[in-house]
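Everything below belongs to protein06.cif, which stores mmCIF, C-alpha atoms.
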```
data_target
#
loop_
_atom_site.label_atom_id
_atom_site.label_comp_id
_atom_site.auth_asym_id
_atom_site.auth_seq_id
_atom_site.Cartn_x
_atom_site.Cartn_y
_atom_site.Cartn_z
CA MET A 1 0.00 0.00 0.00
CA GLN A 2 1.23 3.44 -0.94
CA GLN A 3 1.64 5.57 2.21
CA GLN A 4 -0.38 8.76 2.20
CA ALA A 5 -0.28 11.77 4.49
CA THR A 6 -3.75 10.87 5.66
CA ASP A 7 -5.30 10.80 9.09
CA VAL A 8 -8.03 8.23 9.38
CA ILE A 9 -11.08 8.96 11.53
CA LEU A 10 -12.75 5.75 12.69
CA ALA A 11 -16.34 5.43 13.84
CA SER A 12 -18.69 2.54 14.39
CA ASP A 13 -21.86 1.50 16.11
CA HIS A 14 -21.95 -1.61 18.32
CA ARG A 15 -22.39 -3.91 15.30
CA GLY A 16 -19.36 -2.42 13.55
CA PHE A 17 -17.18 -2.41 16.67
CA GLU A 18 -15.46 -5.75 16.05
CA LEU A 19 -14.41 -4.97 12.47
CA LYS A 20 -13.29 -1.49 13.55
CA ASN A 21 -10.93 -3.03 16.11
CA LYS A 22 -9.41 -5.32 13.50
CA ILE A 23 -8.96 -2.38 11.12
CA LYS A 24 -7.20 -0.46 13.91
CA ASP A 25 -4.65 -3.28 14.20
CA PHE A 26 -4.22 -3.24 10.42
CA LEU A 27 -3.65 0.55 10.38
CA ARG A 28 -1.11 0.21 13.25
CA GLU A 29 0.80 -2.41 11.21
CA LYS A 30 0.86 0.01 8.28
CA LYS A 31 2.01 2.81 10.62
CA LEU A 32 -0.95 4.95 9.64
CA PHE A 33 -2.29 7.49 12.11
CA PHE A 34 -5.91 7.14 13.18
CA VAL A 35 -8.35 8.45 15.75
CA ASP A 36 -11.22 6.29 17.01
CA ILE A 37 -14.25 8.45 17.85
CA GLY A 38 -16.31 5.55 19.23
CA VAL A 39 -18.33 3.61 20.15
CA GLU A 40 -16.20 1.88 22.77
CA ASN A 41 -17.83 -1.53 22.92
CA SER A 42 -20.21 -3.90 21.17
CA ASP A 43 -23.04 -3.49 23.72
CA ARG A 44 -26.40 -2.79 22.20
CA PRO A 45 -27.34 0.76 23.27
CA LEU A 46 -30.27 1.26 25.62
CA ASP A 47 -33.57 2.27 24.05
CA SER A 48 -33.84 4.87 26.78
CA ALA A 49 -30.65 6.70 25.71
CA PRO A 50 -31.50 10.35 24.97
CA MET A 51 -29.44 10.39 21.77
CA PRO A 52 -28.40 7.08 20.21
CA PRO A 53 -24.61 6.75 20.39
CA ILE A 54 -24.39 6.13 16.64
CA ILE A 55 -25.70 9.61 15.85
CA LYS A 56 -23.39 11.31 18.35
CA VAL A 57 -20.38 9.39 17.04
CA VAL A 58 -21.16 10.03 13.36
CA LYS A 59 -21.61 13.75 14.01
CA GLU A 60 -18.28 14.06 15.80
CA ALA A 61 -16.47 11.86 13.26
CA ALA A 62 -17.94 13.79 10.31
CA GLU A 63 -16.82 17.06 11.88
CA CYS A 64 -13.28 15.65 12.20
CA VAL A 65 -13.23 14.60 8.51
CA GLN A 66 -14.58 18.03 7.51
CA SER A 67 -11.87 19.80 9.51
CA ALA A 68 -8.94 19.23 7.13
CA LYS A 69 -8.41 18.14 3.55
CA HIS A 70 -6.07 15.28 4.48
CA MET A 71 -8.63 13.67 6.78
CA CYS A 72 -10.70 10.69 5.73
CA GLY A 73 -13.09 8.42 7.55
CA ILE A 74 -13.96 4.76 7.87
CA PHE A 75 -17.43 4.41 9.37
CA ILE A 76 -18.77 0.93 10.16
CA CYS A 77 -22.18 -0.37 11.20
CA GLY A 78 -23.89 -3.74 10.70
CA ASP A 79 -24.47 -3.40 6.97
CA GLY A 80 -23.05 0.07 6.26
CA ILE A 81 -26.44 1.57 5.33
CA ALA A 82 -27.08 3.62 8.50
CA MET A 83 -23.55 5.06 8.37
CA SER A 84 -23.89 6.04 4.71
CA ILE A 85 -27.24 7.76 5.36
CA ALA A 86 -25.97 9.62 8.42
CA ALA A 87 -22.52 10.61 7.09
CA ASN A 88 -23.89 12.05 3.83
CA ARG A 89 -26.04 14.48 5.85
CA PHE A 90 -22.90 16.58 6.38
CA ARG A 91 -21.59 19.17 3.94
CA GLY A 92 -18.18 18.19 2.65
CA ILE A 93 -18.68 14.51 3.43
CA ARG A 94 -18.94 12.17 0.48
CA ALA A 95 -19.53 8.74 1.98
CA GLY A 96 -19.61 5.58 -0.11
CA LEU A 97 -20.69 2.13 0.97
CA CYS A 98 -18.22 -0.18 -0.76
CA ARG A 99 -18.08 -3.94 -0.80
CA THR A 100 -15.34 -4.64 -3.35
CA VAL A 101 -11.88 -3.35 -4.24
CA ASP A 102 -13.03 -2.32 -7.73
CA GLY A 103 -16.01 -0.57 -6.17
CA VAL A 104 -13.96 1.51 -3.76
CA LYS A 105 -11.44 2.42 -6.48
CA GLN A 106 -14.22 3.78 -8.68
CA ALA A 107 -15.86 5.54 -5.73
CA ARG A 108 -12.56 7.32 -4.98
CA GLN A 109 -11.81 8.09 -8.63
CA HIS A 110 -15.25 9.33 -9.70
CA ASN A 111 -16.81 10.68 -6.52
CA ASP A 112 -13.72 11.45 -4.42
CA ILE A 113 -15.34 9.76 -1.42
CA ASN A 114 -13.70 10.86 1.82
CA VAL A 115 -15.60 8.43 4.02
CA LEU A 116 -15.61 4.70 3.39
CA CYS A 117 -18.65 2.96 4.88
CA LEU A 118 -18.38 -0.73 5.63
CA GLY A 119 -20.80 -3.36 6.80
CA GLY A 120 -19.13 -5.01 9.78
CA GLU A 121 -21.40 -8.03 9.55
CA SER A 122 -21.50 -8.28 5.76
CA ILE A 123 -17.82 -8.38 4.84
CA ASP A 124 -14.93 -10.53 6.01
CA PHE A 125 -11.76 -8.99 7.36
CA GLU A 126 -9.48 -10.16 4.53
CA GLU A 127 -11.68 -8.38 1.98
CA ALA A 128 -12.08 -5.37 4.28
CA LYS A 129 -8.27 -4.95 4.48
CA LYS A 130 -8.00 -4.87 0.68
CA ILE A 131 -10.84 -2.35 0.46
CA VAL A 132 -9.28 -0.12 3.14
CA SER A 133 -5.91 -0.27 1.33
CA ALA A 134 -7.53 0.68 -2.00
CA PHE A 135 -9.48 3.49 -0.30
CA LEU A 136 -6.31 4.98 1.19
CA SER A 137 -4.17 4.64 -1.94
CA THR A 138 -6.53 5.59 -4.81
CA ARG A 139 -6.59 9.20 -5.94
CA PRO A 140 -9.58 10.98 -7.53
CA LEU A 141 -9.48 11.52 -11.29
CA GLU A 142 -8.47 15.02 -12.35
CA ASP A 143 -11.51 15.54 -14.54
CA VAL A 144 -13.48 18.77 -14.59
CA ARG A 145 -16.71 16.77 -14.79
CA TYR A 146 -16.14 15.06 -11.46
CA ARG A 147 -14.80 18.17 -9.76
CA LYS A 148 -17.95 20.05 -10.73
CA ARG A 149 -20.20 17.26 -9.51
CA GLN A 150 -18.44 17.03 -6.14
CA LYS A 151 -18.78 20.78 -5.67
CA LEU A 152 -22.50 20.50 -6.35
CA PHE A 153 -22.84 17.58 -3.91
CA ASP A 154 -21.31 19.79 -1.26
CA GLU A 155 -23.63 22.66 -2.05
CA MET A 156 -26.61 20.32 -1.67
CA ALA A 157 -25.80 19.47 1.96
CA MET B 1 -44.59 -9.59 -4.83
CA GLN B 2 -47.07 -8.11 -2.41
CA GLN B 3 -48.76 -5.07 -4.00
CA GLN B 4 -48.34 -1.87 -2.05
CA ALA B 5 -50.03 1.50 -2.39
CA THR B 6 -46.70 2.96 -3.40
CA ASP B 7 -45.74 5.39 -6.11
CA VAL B 8 -42.22 4.83 -7.34
CA ILE B 9 -40.10 7.81 -8.35
CA LEU B 10 -37.38 6.80 -10.80
CA ALA B 11 -34.20 8.73 -11.47
CA SER B 12 -30.92 7.91 -13.16
CA ASP B 13 -27.86 9.43 -14.72
CA HIS B 14 -26.73 8.36 -18.21
CA ARG B 15 -24.96 5.27 -16.84
CA GLY B 16 -28.08 4.13 -14.99
CA PHE B 17 -30.43 4.85 -17.88
CA GLU B 18 -30.45 1.33 -19.34
CA LEU B 19 -31.25 -0.45 -16.07
CA LYS B 20 -33.89 2.19 -15.29
CA ASN B 21 -35.67 1.40 -18.57
CA LYS B 22 -35.70 -2.31 -17.79
CA ILE B 23 -37.06 -1.61 -14.29
CA LYS B 24 -39.83 0.51 -15.85
CA ASP B 25 -40.92 -2.50 -17.92
CA PHE B 26 -40.81 -4.64 -14.78
CA LEU B 27 -42.96 -2.16 -12.83
CA ARG B 28 -45.45 -1.96 -15.72
CA GLU B 29 -45.77 -5.78 -15.69
CA LYS B 30 -46.46 -5.58 -11.94
CA LYS B 31 -49.02 -2.80 -12.58
CA LEU B 32 -47.17 -0.48 -10.22
CA PHE B 33 -47.40 3.26 -10.77
CA PHE B 34 -44.14 5.13 -11.37
CA VAL B 35 -42.88 8.50 -12.52
CA ASP B 36 -39.55 8.81 -14.34
CA ILE B 37 -37.89 12.14 -13.52
CA GLY B 38 -34.97 11.66 -15.93
CA VAL B 39 -32.46 11.59 -17.46
CA GLU B 40 -33.96 10.79 -20.86
CA ASN B 41 -31.04 9.08 -22.57
CA SER B 42 -27.67 7.44 -22.05
CA ASP B 43 -25.66 10.30 -23.59
CA ARG B 44 -22.77 11.44 -21.48
CA PRO B 45 -23.58 15.01 -20.40
CA LEU B 46 -21.49 17.87 -21.72
CA ASP B 47 -18.76 19.20 -19.44
CA SER B 48 -19.99 22.66 -20.32
CA ALA B 49 -23.48 22.07 -18.87
CA PRO B 50 -24.17 24.71 -16.20
CA MET B 51 -25.63 22.18 -13.76
CA PRO B 52 -24.96 18.49 -14.34
CA PRO B 53 -28.22 16.70 -15.16
CA ILE B 54 -27.68 14.17 -12.39
CA ILE B 55 -27.89 16.88 -9.71
CA LYS B 56 -31.02 18.45 -11.21
CA VAL B 57 -32.71 15.05 -11.52
CA VAL B 58 -31.81 13.91 -7.99
CA LYS B 59 -33.09 17.17 -6.52
CA GLU B 60 -36.43 16.90 -8.30
CA ALA B 61 -36.76 13.17 -7.56
CA ALA B 62 -35.90 13.66 -3.87
CA GLU B 63 -38.51 16.39 -3.61
CA CYS B 64 -41.11 14.00 -5.09
CA VAL B 65 -40.21 11.27 -2.56
CA GLN B 66 -40.37 13.84 0.27
CA SER B 67 -43.81 15.02 -0.83
CA ALA B 68 -45.86 12.07 0.48
CA LYS B 69 -45.40 9.15 2.83
CA HIS B 70 -46.38 6.55 0.23
CA MET B 71 -43.70 7.68 -2.22
CA CYS B 72 -40.42 5.84 -2.62
CA GLY B 73 -37.55 6.18 -5.04
CA ILE B 74 -35.24 4.04 -7.12
CA PHE B 75 -32.18 6.07 -8.11
CA ILE B 76 -29.60 4.53 -10.45
CA CYS B 77 -26.12 5.59 -11.55
CA GLY B 78 -23.09 3.59 -12.70
CA ASP B 79 -22.23 2.13 -9.31
CA GLY B 80 -24.90 3.69 -7.07
CA ILE B 81 -22.40 5.75 -5.05
CA ALA B 82 -23.12 9.19 -6.54
CA MET B 83 -26.86 8.66 -6.13
CA SER B 84 -26.50 7.59 -2.50
CA ILE B 85 -24.35 10.64 -1.70
CA ALA B 86 -26.69 13.08 -3.45
CA ALA B 87 -30.01 11.61 -2.26
CA ASN B 88 -28.98 11.53 1.41
CA ARG B 89 -28.38 15.30 1.30
CA PHE B 90 -32.17 15.76 1.54
CA ARG B 91 -34.13 15.80 4.78
CA GLY B 92 -36.59 12.94 4.89
CA ILE B 93 -34.64 10.87 2.38
CA ARG B 94 -33.01 7.70 3.65
CA ALA B 95 -31.21 6.25 0.64
CA GLY B 96 -29.50 2.87 0.74
CA LEU B 97 -27.18 1.38 -1.86
CA CYS B 98 -28.17 -2.28 -1.94
CA ARG B 99 -26.68 -5.12 -3.91
CA THR B 100 -28.48 -8.16 -2.50
CA VAL B 101 -32.02 -9.18 -1.53
CA ASP B 102 -30.96 -9.78 2.09
CA GLY B 103 -29.26 -6.39 2.10
CA VAL B 104 -32.30 -4.47 0.92
CA LYS B 105 -34.59 -6.32 3.33
CA GLN B 106 -32.41 -5.31 6.27
CA ALA B 107 -32.08 -1.75 4.94
CA ARG B 108 -35.89 -1.47 4.81
CA GLN B 109 -36.41 -3.17 8.18
CA HIS B 110 -33.75 -1.35 10.19
CA ASN B 111 -33.36 1.99 8.44
CA ASP B 112 -36.72 2.34 6.68
CA ILE B 113 -34.94 3.40 3.49
CA ASN B 114 -37.31 5.20 1.13
CA VAL B 115 -34.85 5.41 -1.75
CA LEU B 116 -33.14 2.34 -3.19
CA CYS B 117 -29.88 3.17 -4.95
CA LEU B 118 -28.64 0.74 -7.57
CA GLY B 119 -25.48 0.48 -9.63
CA GLY B 120 -26.66 0.16 -13.23
CA GLU B 121 -23.30 -1.21 -14.33
CA SER B 122 -22.62 -3.35 -11.28
CA ILE B 123 -25.73 -5.50 -11.03
CA ASP B 124 -27.54 -7.70 -13.52
CA PHE B 125 -31.21 -7.23 -14.27
CA GLU B 126 -32.37 -10.55 -12.80
CA GLU B 127 -30.84 -9.66 -9.43
CA ALA B 128 -32.08 -6.06 -9.72
CA LYS B 129 -35.69 -7.28 -10.17
CA LYS B 130 -35.45 -9.36 -6.97
CA ILE B 131 -33.97 -6.41 -5.07
CA VAL B 132 -36.69 -4.03 -6.34
CA SER B 133 -39.40 -6.54 -5.35
CA ALA B 134 -37.93 -6.91 -1.86
CA PHE B 135 -37.61 -3.12 -1.52
CA LEU B 136 -41.28 -2.60 -2.40
CA SER B 137 -42.64 -5.43 -0.23
CA THR B 138 -40.56 -5.24 2.98
CA ARG B 139 -41.90 -3.17 5.84
CA PRO B 140 -39.80 -1.42 8.51
CA LEU B 141 -39.64 -3.06 11.93
CA GLU B 142 -41.90 -1.50 14.54
CA ASP B 143 -39.12 -0.97 17.05
CA VAL B 144 -38.77 2.22 19.05
CA ARG B 145 -34.99 2.03 18.61
CA TYR B 146 -35.19 2.31 14.82
CA ARG B 147 -37.96 4.92 14.86
CA LYS B 148 -35.84 7.12 17.09
CA ARG B 149 -32.77 6.69 14.87
CA GLN B 150 -34.69 7.56 11.70
CA LYS B 151 -36.06 10.68 13.32
CA LEU B 152 -32.53 11.73 14.23
CA PHE B 153 -31.31 11.02 10.69
CA ASP B 154 -33.98 13.39 9.44
CA GLU B 155 -33.01 16.06 11.92
CA MET B 156 -29.40 15.83 10.75
CA ALA B 157 -30.25 16.77 7.14
#
```
As structure tokens, how would this structure be written, given the file I've shared?
Amino acid sequence: MQQQATDVILASDHRGFELKNKIKDFLREKKLFFVDIGVENSDRPLDSAPMPPIIKVVKEAAECVQSAKHMCGIFICGDGIAMSIAANRFRGIRAGLCRTVDGVKQARQHNDINVLCLGGESIDFEEAKKIVSAFLSTRPLEDVRYRKRQKLFDEMA
Amino acid sequence: MQQQATDVILASDHRGFELKNKIKDFLREKKLFFVDIGVENSDRPLDSAPMPPIIKVVKEAAECVQSAKHMCGIFICGDGIAMSIAANRFRGIRAGLCRTVDGVKQARQHNDINVLCLGGESIDFEEAKKIVSAFLSTRPLEDVRYRKRQKLFDEMA
């Protein structure tokens, strides 16, 4: 994997917690810097919680990714759907739910995704490692078409 | 497929146009009502266009889905990523990029997605038909946990 000057912001809900931990070990091996925003365990949150932990974590993680151009995020829930809905609420976040290496390459090249969403219960770790590597090493295409589209995505949020 | 009192709002970019047309035939066979917001052909849009057609179409389609509770959307681009980024910018839209029948069932049950995003170039029509059928016939779970999360998603947009 090509090393990039990238800080990785990690976030998960309880169902994505296990895969997130494995990805942290993988990033440590690669000597990549990351910050884990939460959640801190795989316990199912209480129905009585005033604000579900997933929302709080996504908000804080999205704000971290927004804060600097070299930041990117890996957000993990059970199937990746909730994270991709929540993350794309934020201006400047372009979150893509990817399940293959080819898929994440195209998502980086065409849509310049800065958050990779993964389904912690729908992907195995060996595949996840390849997808994370491709996410961190693929650059967006320098094409005016895509640049314009990304700008418009941001203006929509 | 269980018939639902659902109007389906269709939208695609040029790369999703072909699959969208096939899905229209499928919906006609099932006697389901749909509206196709665009685009009208598979021509690659001009770089010089002031506002890329995909953005205009997604905005109009999202507003249609927002307009009534019985509305849902099927938004298609090359790999489904651009549509899922753009659609989730809108309050009240919960768009999920699904690639399997089990995936779309869970996305409906847990996240009450009201827009199904598909990759027109990454899924074959036979699988797409099964996914569309599951999308239209699966109901969200009546669980306070999910209801609360969806409400918070909406407040984030």
**Report entry** Residue contacts of Cys77 (chain A) (12 Å, only C-alpha atoms) excluding same-chain residues fewer than 3 positions away, as number ranges by chain
**Finding:** A: 10-20, 38-39, 42, 53-55, 57-58, 74, 80-87, 97, 116-123; B: 107, 110-111
Export, as a tab-separated table (two decimals), keeping the file's coordinate frame, the selected residues with C-alpha atoms.
```
chain	number	residue	atom	x	y	z
A	10	LEU	CA	-12.75	5.75	12.69
A	11	ALA	CA	-16.34	5.43	13.84
A	12	SER	CA	-18.69	2.54	14.39
A	13	ASP	CA	-21.86	1.50	16.11
A	14	HIS	CA	-21.95	-1.61	18.32
A	15	ARG	CA	-22.39	-3.91	15.30
A	16	GLY	CA	-19.36	-2.42	13.55
A	17	PHE	CA	-17.18	-2.41	16.67
A	18	GLU	CA	-15.46	-5.75	16.05
A	19	LEU	CA	-14.41	-4.97	12.47
A	20	LYS	CA	-13.29	-1.49	13.55
A	38	GLY	CA	-16.31	5.55	19.23
A	39	VAL	CA	-18.33	3.61	20.15
A	42	SER	CA	-20.21	-3.90	21.17
A	53	PRO	CA	-24.61	6.75	20.39
A	54	ILE	CA	-24.39	6.13	16.64
A	55	ILE	CA	-25.70	9.61	15.85
A	57	VAL	CA	-20.38	9.39	17.04
A	58	VAL	CA	-21.16	10.03	13.36
A	74	ILE	CA	-13.96	4.76	7.87
A	80	GLY	CA	-23.05	0.07	6.26
A	81	ILE	CA	-26.44	1.57	5.33
A	82	ALA	CA	-27.08	3.62	8.50
A	83	MET	CA	-23.55	5.06	8.37
A	84	SER	CA	-23.89	6.04	4.71
A	85	ILE	CA	-27.24	7.76	5.36
A	86	ALA	CA	-25.97	9.62	8.42
A	87	ALA	CA	-22.52	10.61	7.09
A	97	LEU	CA	-20.69	2.13	0.97
A	116	LEU	CA	-15.61	4.70	3.39
A	117	CYS	CA	-18.65	2.96	4.88
A	118	LEU	CA	-18.38	-0.73	5.63
A	119	GLY	CA	-20.80	-3.36	6.80
A	120	GLY	CA	-19.13	-5.01	9.78
A	121	GLU	CA	-21.40	-8.03	9.55
A	122	SER	CA	-21.50	-8.28	5.76
A	123	ILE	CA	-17.82	-8.38	4.84
B	107	ALA	CA	-32.08	-1.75	4.94
B	110	HIS	CA	-33.75	-1.35	10.19
B	111	ASN	CA	-33.36	1.99	8.44
```
Once the PyMOL selection byres ((chain B and resi 136) around 12) has been evaluated on this model, what residues remain selected, and can you format them as a CSV table (one decimal) with C-alpha atoms, in the frame of the given file?
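The result, stored in part_16.csv:
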```
chain,number,residue,atom,x,y,z
B,1,MET,CA,-44.6,-9.6,-4.8
B,2,GLN,CA,-47.1,-8.1,-2.4
B,3,GLN,CA,-48.8,-5.1,-4.0
B,4,GLN,CA,-48.3,-1.9,-2.0
B,5,ALA,CA,-50.0,1.5,-2.4
B,6,THR,CA,-46.7,3.0,-3.4
B,7,ASP,CA,-45.7,5.4,-6.1
B,8,VAL,CA,-42.2,4.8,-7.3
B,27,LEU,CA,-43.0,-2.2,-12.8
B,30,LYS,CA,-46.5,-5.6,-11.9
B,32,LEU,CA,-47.2,-0.5,-10.2
B,33,PHE,CA,-47.4,3.3,-10.8
B,70,HIS,CA,-46.4,6.6,0.2
B,71,MET,CA,-43.7,7.7,-2.2
B,72,CYS,CA,-40.4,5.8,-2.6
B,73,GLY,CA,-37.6,6.2,-5.0
B,74,ILE,CA,-35.2,4.0,-7.1
B,101,VAL,CA,-32.0,-9.2,-1.5
B,104,VAL,CA,-32.3,-4.5,0.9
B,105,LYS,CA,-34.6,-6.3,3.3
B,107,ALA,CA,-32.1,-1.8,4.9
B,108,ARG,CA,-35.9,-1.5,4.8
B,109,GLN,CA,-36.4,-3.2,8.2
B,112,ASP,CA,-36.7,2.3,6.7
B,113,ILE,CA,-34.9,3.4,3.5
B,114,ASN,CA,-37.3,5.2,1.1
B,115,VAL,CA,-34.8,5.4,-1.8
B,116,LEU,CA,-33.1,2.3,-3.2
B,129,LYS,CA,-35.7,-7.3,-10.2
B,130,LYS,CA,-35.4,-9.4,-7.0
B,131,ILE,CA,-34.0,-6.4,-5.1
B,132,VAL,CA,-36.7,-4.0,-6.3
B,133,SER,CA,-39.4,-6.5,-5.4
B,134,ALA,CA,-37.9,-6.9,-1.9
B,135,PHE,CA,-37.6,-3.1,-1.5
B,137,SER,CA,-42.6,-5.4,-0.2
B,138,THR,CA,-40.6,-5.2,3.0
B,139,ARG,CA,-41.9,-3.2,5.8
B,140,PRO,CA,-39.8,-1.4,8.5
```
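Taking all atoms listed in the file into account, chain B lies nearest to A:Asn88 out of the set A:Gln150, A:Asn88, A:Ser67, A:Thr100.
Relative to CA of Lys148 (chain B), CA of Pro45 (chain A) is found at 12.3 Å.
Relative to CA of Ala128 (chain B), CA of Ile9 (chain B) is found at 16.1 Å.
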Requested in this report: Select, from A:Phe34, A:Phe75, A:Tyr146, A:Phe153, the residue with the minimum atom-to-atom distance to chain B, counting all atoms listed in the file.
Outcome: A:Phe153
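Nearest-residue note for chain B: choosing from A:Ala95, A:Ala68, A:Leu141, A:Ile37, the minimum distance belongs to A:Ala95, counting only C-alpha atoms.
Pairwise distance (CA of Lys22 (chain A), CA of Asp124 (chain A)) equals 10.7 Å.
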Go ahead and fit an axis-aligned box to every listed atom of region 130-133 of chain B plus 4 Å each side, and pass me the centre and edge lengths in Å, one decimal, as JSON.
```
{"center_x": -36.7, "center_y": -6.7, "center_z": -6.0, "size_x": 13.4, "size_y": 13.3, "size_z": 9.9}
```
